[in-house]
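Chemist: So here's target-v6.txt, just compact mmCIF, C-alpha atoms:
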# COMPACT_ATOMS: atom_id res chain seq x y z
CA MET F 1 5.95 -19.63 -16.05
CA ASN F 2 3.84 -16.49 -15.93
CA THR F 3 4.68 -13.38 -17.94
CA LEU F 4 5.43 -10.01 -16.29
CA THR F 5 2.07 -8.69 -17.48
CA GLU F 6 0.24 -11.66 -15.97
CA GLU F 7 2.03 -11.14 -12.67
CA ASN F 8 1.10 -7.45 -12.67
CA TYR F 9 -2.56 -8.32 -13.25
CA LEU F 10 -2.59 -10.81 -10.38
CA LYS F 11 -1.01 -8.23 -8.09
CA GLU F 12 -3.53 -5.54 -9.00
CA ILE F 13 -6.52 -7.89 -8.65
CA TYR F 14 -5.29 -8.78 -5.16
CA LYS F 15 -4.93 -5.11 -4.22
CA ILE F 16 -8.45 -4.30 -5.42
CA ALA F 17 -9.80 -7.26 -3.43
CA GLU F 18 -8.02 -5.88 -0.35
CA GLU F 19 -10.35 -2.90 -0.54
CA GLY F 20 -13.25 -5.22 0.25
CA ASP F 21 -14.51 -6.58 -3.07
CA ASP F 22 -14.66 -10.40 -3.31
CA TYR F 23 -15.26 -10.26 -7.06
CA ILE F 24 -13.56 -7.70 -9.29
CA THR F 25 -15.13 -6.34 -12.48
CA THR F 26 -13.30 -5.80 -15.74
CA ASN F 27 -13.86 -2.06 -15.41
CA ASP F 28 -12.36 -2.08 -11.90
CA ILE F 29 -9.16 -3.58 -13.27
CA ALA F 30 -9.10 -1.32 -16.33
CA ARG F 31 -9.31 1.78 -14.10
CA LYS F 32 -6.63 0.44 -11.76
CA ILE F 33 -4.04 -0.22 -14.45
CA ASN F 34 -5.22 2.50 -16.84
CA THR F 35 -5.99 0.36 -19.86
CA LYS F 36 -8.96 -0.59 -22.04
CA ALA F 37 -11.58 -3.05 -20.81
CA ALA F 38 -11.11 -5.15 -23.96
CA SER F 39 -7.42 -5.64 -23.14
CA VAL F 40 -8.36 -6.68 -19.61
CA THR F 41 -10.86 -9.22 -20.91
CA ASP F 42 -8.19 -10.85 -23.10
CA MET F 43 -5.80 -11.13 -20.17
CA LEU F 44 -8.49 -12.52 -17.87
CA ARG F 45 -9.13 -15.31 -20.36
CA LYS F 46 -5.44 -16.26 -20.18
CA LEU F 47 -5.39 -16.15 -16.38
CA SER F 48 -8.55 -18.23 -16.23
CA ALA F 49 -7.07 -20.84 -18.57
CA LYS F 50 -4.11 -21.11 -16.18
CA LYS F 51 -6.55 -21.48 -13.25
CA LEU F 52 -5.19 -18.36 -11.58
CA ILE F 53 -8.60 -16.66 -11.41
CA ARG F 54 -12.21 -17.81 -11.34
CA TYR F 55 -15.07 -16.07 -13.08
CA LYS F 56 -18.62 -15.69 -11.82
CA LYS F 57 -21.16 -14.38 -14.31
CA TYR F 58 -22.61 -10.95 -13.45
CA TYR F 59 -20.14 -10.64 -10.53
CA GLY F 60 -16.63 -10.65 -11.98
CA VAL F 61 -13.38 -12.42 -11.19
CA ALA F 62 -11.55 -13.52 -8.04
CA LEU F 63 -8.12 -15.03 -7.49
CA THR F 64 -7.83 -18.77 -6.99
CA ASP F 65 -5.62 -19.97 -4.13
CA ARG F 66 -2.79 -20.41 -6.60
CA GLY F 67 -3.34 -16.96 -8.08
CA LYS F 68 -3.39 -15.40 -4.62
CA LYS F 69 -0.15 -17.16 -3.69
CA ILE F 70 1.58 -15.73 -6.75
CA ALA F 71 0.18 -12.24 -6.10
CA LEU F 72 1.41 -12.26 -2.49
CA SER F 73 4.83 -13.45 -3.62
CA ILE F 74 5.11 -10.50 -6.01
CA ILE F 75 3.91 -8.05 -3.36
CA ARG F 76 6.44 -9.50 -0.90
CA ARG F 77 9.28 -9.02 -3.40
CA HIS F 78 8.13 -5.49 -4.28
CA ARG F 79 7.93 -4.30 -0.69
CA LEU F 80 11.22 -5.91 0.34
CA TRP F 81 12.94 -4.24 -2.60
CA GLU F 82 11.44 -0.90 -1.58
CA MET F 83 12.79 -1.36 1.95
CA PHE F 84 16.19 -2.38 0.61
CA LEU F 85 16.37 0.66 -1.65
CA VAL F 86 15.48 3.04 1.19
CA LYS F 87 17.44 1.46 4.05
CA THR F 88 20.56 0.33 2.18
CA LEU F 89 20.87 2.45 -0.95
CA LYS F 90 19.39 5.59 0.65
CA PHE F 91 16.64 6.17 -1.91
CA LYS F 92 13.82 8.48 -0.82
CA TRP F 93 10.44 6.86 -0.24
CA ASP F 94 8.96 8.69 -3.25
CA GLU F 95 11.66 7.26 -5.57
CA VAL F 96 11.39 3.52 -4.95
CA HIS F 97 8.07 2.40 -6.43
CA ASP F 98 9.02 2.40 -10.11
CA VAL F 99 12.38 0.74 -9.43
CA ALA F 100 10.73 -1.94 -7.28
CA GLU F 101 8.20 -2.54 -10.06
CA GLN F 102 11.10 -3.75 -12.21
CA LEU F 103 12.95 -5.66 -9.49
CA GLU F 104 9.85 -7.51 -8.19
CA HIS F 105 9.91 -9.83 -11.20
CA ILE F 106 13.30 -11.32 -10.27
CA ARG F 107 12.26 -14.83 -9.28
CA SER F 108 15.24 -15.98 -7.20
CA GLU F 109 13.73 -17.06 -3.87
CA LYS F 110 17.22 -17.42 -2.42
CA LEU F 111 17.92 -13.77 -3.20
CA ILE F 112 14.65 -12.62 -1.60
CA GLN F 113 15.20 -14.74 1.51
CA HIS F 114 18.73 -13.39 1.96
CA MET F 115 17.50 -9.83 1.47
CA ASP F 116 14.74 -10.38 4.05
CA GLU F 117 17.31 -11.66 6.54
CA PHE F 118 19.74 -8.84 5.71
CA LEU F 119 16.99 -6.30 6.49
CA SER F 120 16.20 -8.11 9.80
CA PHE F 121 12.83 -9.38 8.56
CA PRO F 122 10.94 -6.06 8.28
CA LYS F 123 7.19 -6.20 8.80
CA PHE F 124 6.40 -3.04 6.85
CA ASP F 125 7.74 -1.29 3.76
CA PRO F 126 8.82 2.40 3.76
CA HIS F 127 5.21 3.51 3.15
CA GLY F 128 3.83 1.51 6.08
CA ASP F 129 2.34 -1.32 4.00
CA PRO F 130 2.70 -4.84 5.49
CA ILE F 131 5.21 -7.23 3.92
CA PRO F 132 3.93 -10.81 3.49
CA ASP F 133 6.16 -13.41 5.15
CA VAL F 134 7.89 -16.26 3.31
CA ASN F 135 4.63 -18.27 3.43
CA GLY F 136 2.58 -15.42 2.00
CA LYS F 137 0.90 -14.65 5.31
CA ILE F 138 0.23 -11.13 6.52
CA ASN F 139 0.03 -11.40 10.28
CA PHE F 140 0.68 -7.74 10.89
CA SER F 141 -2.05 -5.52 9.50
CA LYS F 142 -2.91 -1.87 9.87
CA GLU F 143 -6.42 -2.67 11.07
CA LYS F 144 -6.02 -0.34 14.05
CA SER F 145 -4.82 2.51 11.86
CA ILE F 146 -7.26 5.25 10.97
CA PRO F 147 -7.03 8.36 8.78
CA LEU F 148 -5.60 11.32 10.67
CA SER F 149 -8.69 13.28 9.61
CA GLU F 150 -10.83 11.04 11.86
CA ALA F 151 -8.60 11.10 14.95
CA LYS F 152 -9.55 12.85 18.19
CA HIS F 153 -7.95 16.16 19.06
CA ASP F 154 -5.22 16.47 21.71
CA LYS F 155 -4.46 12.75 21.55
CA ASN F 156 -0.96 11.55 20.66
CA CYS F 157 -0.85 9.19 17.68
CA GLU F 158 1.83 7.68 15.47
CA VAL F 159 2.05 7.77 11.69
CA THR F 160 1.92 4.19 10.37
CA GLY F 161 1.67 4.78 6.64
CA VAL F 162 -0.12 6.51 3.80
CA ALA F 163 -3.21 5.81 1.71
CA ASP F 164 -1.87 7.82 -1.24
CA HIS F 165 1.40 6.45 -2.67
CA SER F 166 1.78 9.05 -5.42
CA VAL F 167 5.16 10.74 -5.81
CA ALA F 168 3.60 14.20 -5.41
CA PHE F 169 1.97 13.28 -2.09
CA LEU F 170 5.09 11.63 -0.66
CA GLN F 171 7.22 14.63 -1.67
CA LEU F 172 4.71 16.92 0.03
CA LEU F 173 4.98 14.92 3.27
CA ASP F 174 8.77 14.99 3.00
CA LYS F 175 8.70 18.79 2.91
CA SER F 176 6.55 18.79 6.05
CA GLY F 177 8.75 16.21 7.81
CA ILE F 178 5.94 13.66 8.11
CA ALA F 179 6.92 9.98 7.78
CA PRO F 180 6.05 6.61 9.38
CA GLY F 181 7.06 6.65 13.03
CA CYS F 182 6.42 10.37 13.55
CA LYS F 183 4.29 11.43 16.52
CA ILE F 184 1.38 13.75 15.81
CA LYS F 185 -1.13 15.57 17.98
CA ILE F 186 -4.10 17.43 16.48
CA LYS F 187 -4.45 20.82 18.15
CA THR F 188 -7.35 22.43 16.26
CA MET F 189 -9.60 21.85 13.25
CA GLU F 190 -11.06 24.68 11.16
CA SER F 191 -14.83 24.35 10.91
CA TYR F 192 -14.87 25.90 7.41
CA ASP F 193 -12.66 23.41 5.54
CA LYS F 194 -11.74 20.88 8.27
CA SER F 195 -8.03 21.66 7.85
CA LEU F 196 -5.90 20.74 10.86
CA SER F 197 -3.28 22.42 13.01
CA LEU F 198 -0.80 19.81 14.25
CA LEU F 199 2.10 19.38 16.62
CA LEU F 200 4.73 17.11 15.02
CA ASN F 201 7.07 15.17 17.31
CA GLY F 202 6.21 17.50 20.16
CA LYS F 203 7.98 20.45 18.54
CA LYS F 204 7.05 21.48 15.02
CA GLN F 205 3.70 23.16 14.34
CA LEU F 206 2.04 22.43 11.01
CA HIS F 207 -1.21 23.24 9.23
CA ILE F 208 -2.49 20.72 6.68
CA SER F 209 -5.59 20.36 4.54
CA ASN F 210 -8.34 17.84 5.19
CA GLN F 211 -7.39 16.03 1.97
CA ILE F 212 -3.83 15.51 3.20
CA ALA F 213 -5.10 14.35 6.61
CA LYS F 214 -7.37 11.76 4.93
CA ASN F 215 -4.32 10.13 3.33
CA ILE F 216 -2.14 9.93 6.45
CA LEU F 217 -2.73 6.75 8.50
CA VAL F 218 -2.13 6.78 12.26
CA SER F 219 -2.30 4.26 15.13
CA ASN F 220 -2.91 4.55 18.87
CA ALA F 221 -5.60 7.04 18.00
CA GLU F 222 -9.26 7.19 18.99
CA ARG F 223 -11.86 8.15 16.43
CA ARG F 224 -13.59 11.42 17.11
CA ASN F 225 -17.36 11.64 17.01
CA LYS F 226 -18.46 13.00 13.66
Just give me the structure as structure tokens.
Modeler:
Amino acid sequence: MNTLTEENYLKEIYKIAEEGDDYITTNDIARKINTKAASVTDMLRKLSAKKLIRYKKYYGVALTDRGKKIALSIIRRHRLWEMFLVKTLKFKWDEVHDVAEQLEHIRSEKLIQHMDEFLSFPKFDPHGDPIPDVNGKINFSKEKSIPLSEAKHDKNCEVTGVADHSVAFLQLLDKSGIAPGCKIKIKTMESYDKSLSLLLNGKKQLHISNQIAKNILVSNAERRNK
């Protein structure tokens, strides 16, 4: 049985790989989990001994099939717990991450399967991230989603998720009324700082910075020519 720390490492290695890197360096992992490279090296040795990762000299590490399966299982549990906390216990989307970090290590598959069924088999968590199915497959990606900052003006689009999961960012969106499922239309962009004036759900007018727009993901949107 793997320890909680080992599970957290596998999860973070998978998330870094999602960003496009086949092999992950020790420094990549250290930055992601905010720890020392020496500590990462020690843990990687343990994961390698359990055949959960493979190491390629001068390139870094990658998950084995078994390691990937475990990582996806943890991610599935985490995102289902987040959905349960929001939909059933009425937590706000900026409150659920730390709680789900603790709950994701509960290993009862029966519990997770019943929770999945209770929630009507959700495809996405409250932040718009895809939830792996019971076989660890993600058949529903956000490939068609783009940052709001890159969307064409005067085109209706829908918020699908966020790139920044920090509490401060989610609370900021809450104050503005922006959440997955909202409809947004860009009205104007300031040439000086590329901040945007928006129409939210056909009614509310907002003005947001370019940095905020970069971290809001939308679908049904065409990219504007840069």
Chemist: Using all atoms listed in the file, can you tell me which of F:Arg77, F:Lys152, F:Lys11, F:Lys90 comes closest to F:Lys110?
Modeler: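 Comparing F:Arg77, F:Lys152, F:Lys11, F:Lys90 against F:Lys110, the winner is F:Arg77.
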Chemist: Which residues are near F:Ile16? Cut-off 9 Å, all atoms listed in the file, ignore same chain within fewer than 6 positions. Put them as a list in words.
Modeler: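 Residues near the query, excluding close chain neighbours: Asp22, Ile24, Asp28, Ile29 and Lys32 of chain F.
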Chemist: Can you write out the residues you just picked, keeping C-alpha atoms, as a short mmCIF file (atom, residue, chain, number, x, y, z; two decimals), in the frame of the given file?
Modeler:
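For reference, again_24.cif as written:
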data_model
loop_
_atom_site.label_atom_id
_atom_site.label_comp_id
_atom_site.auth_asym_id
_atom_site.auth_seq_id
_atom_site.Cartn_x
_atom_site.Cartn_y
_atom_site.Cartn_z
CA ASP F 22 -14.66 -10.40 -3.31
CA ILE F 24 -13.56 -7.70 -9.29
CA ASP F 28 -12.36 -2.08 -11.90
CA ILE F 29 -9.16 -3.58 -13.27
CA LYS F 32 -6.63 0.44 -11.76
#
Chemist: Let me make sure I understand: among F:Lys214, F:Lys175, F:Arg45, F:Lys187, which one has the smallest atom-to-atom distance to F:Ser149 if we use all atoms listed in the file?
Modeler: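 Closest to F:Ser149 of all the choices is F:Lys214.
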Chemist: Could you give me, as a tab-separated table, every stretch 149-202 of chain F residue with an atom at most 12 Å from stretch 114-131 of chain F, plus its closest atom pair and distance in Å to one decimal, counting all atoms listed in the file, rows ordered by chain then number?
Modeler:
residue	atom	partner	partner_atom	distance
F:Glu158	CA	F:Gly128	CA	11.4
F:Val159	CA	F:Gly128	CA	8.6
F:Thr160	CA	F:Gly128	CA	5.4
F:Gly161	CA	F:Gly128	CA	4.0
F:Val162	CA	F:His127	CA	6.2
F:Ala163	CA	F:His127	CA	8.8
F:Asp164	CA	F:His127	CA	9.4
F:His165	CA	F:His127	CA	7.6
F:Ser166	CA	F:His127	CA	10.8
F:Val167	CA	F:His127	CA	11.5
F:Phe169	CA	F:His127	CA	11.6
F:Leu170	CA	F:His127	CA	9.0
F:Leu173	CA	F:His127	CA	11.4
F:Ile178	CA	F:His127	CA	11.3
F:Ala179	CA	F:His127	CA	8.1
F:Pro180	CA	F:Gly128	CA	6.5
F:Gly181	CA	F:Gly128	CA	9.2
F:Cys182	CA	F:Gly128	CA	11.9
Chemist: So how many Å separate atom CA of F:Ile186 and atom CA of F:Ala168, to one decimal?
Modeler: 23.4 Å
Chemist: Here is a test: counting only C-alpha atoms, which residue of F:Gly202, F:Gly60, F:Gly67, F:Gly20 is nearest to F:Asp154?
Modeler: F:Gly202
Chemist: So which residues touch F:Tyr59 within 12 Å, counting all atoms listed in the file, skipping near sequence neighbours fewer than 4 positions away, as a list in words?
Modeler: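 So, after excluding close chain neighbours, the residues are Asp21, Asp22, Tyr23, Ile24, Thr25, Thr26, Asn27, Asp28, Arg54 and Tyr55 of chain F.
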Chemist: Write out as a ChimeraX atom specification the residues lying within 9 Å of F:Leu63, counting only C-alpha atoms and excluding same-chain residues fewer than 3 positions away.
Modeler: /F:10,13-14,17,23,51-55,66-68,71
Chemist: Could you build a table of the residues in stretch 39-120 of chain F lying no more than 10 Å from stretch 132-140 of chain F, giving for each the nearest pair of atoms and their separation in Å rounded to one decimal place, using all atoms listed in the file, ordered by chain and ascending residue number, as JSON lines?
Modeler:
{"residue": "F:Lys68", "atom": "CA", "partner": "F:Gly136", "partner_atom": "CA", "distance": 8.9}
{"residue": "F:Lys69", "atom": "CA", "partner": "F:Gly136", "partner_atom": "CA", "distance": 6.5}
{"residue": "F:Ile70", "atom": "CA", "partner": "F:Gly136", "partner_atom": "CA", "distance": 8.8}
{"residue": "F:Ala71", "atom": "CA", "partner": "F:Gly136", "partner_atom": "CA", "distance": 9.0}
{"residue": "F:Leu72", "atom": "CA", "partner": "F:Gly136", "partner_atom": "CA", "distance": 5.6}
{"residue": "F:Ser73", "atom": "CA", "partner": "F:Gly136", "partner_atom": "CA", "distance": 6.4}
{"residue": "F:Ile74", "atom": "CA", "partner": "F:Pro132", "partner_atom": "CA", "distance": 9.6}
{"residue": "F:Ile75", "atom": "CA", "partner": "F:Pro132", "partner_atom": "CA", "distance": 7.4}
{"residue": "F:Arg76", "atom": "CA", "partner": "F:Pro132", "partner_atom": "CA", "distance": 5.2}
{"residue": "F:Arg77", "atom": "CA", "partner": "F:Pro132", "partner_atom": "CA", "distance": 8.9}
{"residue": "F:Arg79", "atom": "CA", "partner": "F:Pro132", "partner_atom": "CA", "distance": 8.7}
{"residue": "F:Leu80", "atom": "CA", "partner": "F:Pro132", "partner_atom": "CA", "distance": 9.3}
{"residue": "F:Glu109", "atom": "CA", "partner": "F:Val134", "partner_atom": "CA", "distance": 9.3}
{"residue": "F:Ile112", "atom": "CA", "partner": "F:Val134", "partner_atom": "CA", "distance": 9.1}
{"residue": "F:Gln113", "atom": "CA", "partner": "F:Val134", "partner_atom": "CA", "distance": 7.7}
{"residue": "F:Asp116", "atom": "CA", "partner": "F:Val134", "partner_atom": "CA", "distance": 9.1}
Chemist: Go through F:Glu82, F:Glu150, F:Glu19, F:Glu190 and flag the residue nearest F:Glu222, using only C-alpha atoms for the distances.
Modeler: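 The closest residue to F:Glu222 is F:Glu150.
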Chemist: Would you please work out which residue, of F:Lys92, F:Arg107, F:Lys50, F:Arg31, is nearest to F:Leu4 when using all atoms listed in the file?
Modeler: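 Closest candidate: F:Arg107.
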Chemist: Would you mind reading off the distance between atom CA of F:Glu95 and atom CA of F:Asn156, one decimal, in Å?
Modeler: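 Taking atom CA of F:Glu95 as the start and atom CA of F:Asn156 as the end point, the length is 29.4 Å.
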Chemist: Work out how far atom CA of F:Lys15 is from atom CA of F:Met83, in Å to one decimal.
Modeler: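 So the answer is 19.1 Å.
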Chemist: Which polymer residues have any atom within 9 Å of an atom of F:Met43, counting all atoms listed in the file, with same-chain residues fewer than 3 positions away left out, as a PyMOL selection string?
Modeler: chain F and resi 5-6+9+38-40+46-48
Chemist: For F:Val99, find every residue with an atom within 10 Å (counting only C-alpha atoms), except residues of its own chain fewer than 2 positions away, and show them as a ChimeraX atom specification.
Modeler: /F:78,81-82,85,95-97,101-104
Chemist: Name the closest residue to F:Ile33 among the candidates F:Lys183, F:Lys56, F:Leu200, F:Asn8; distances are taken between atoms, counting only C-alpha atoms.
Modeler: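 Closest to F:Ile33, using only C-alpha atoms: F:Asn8.
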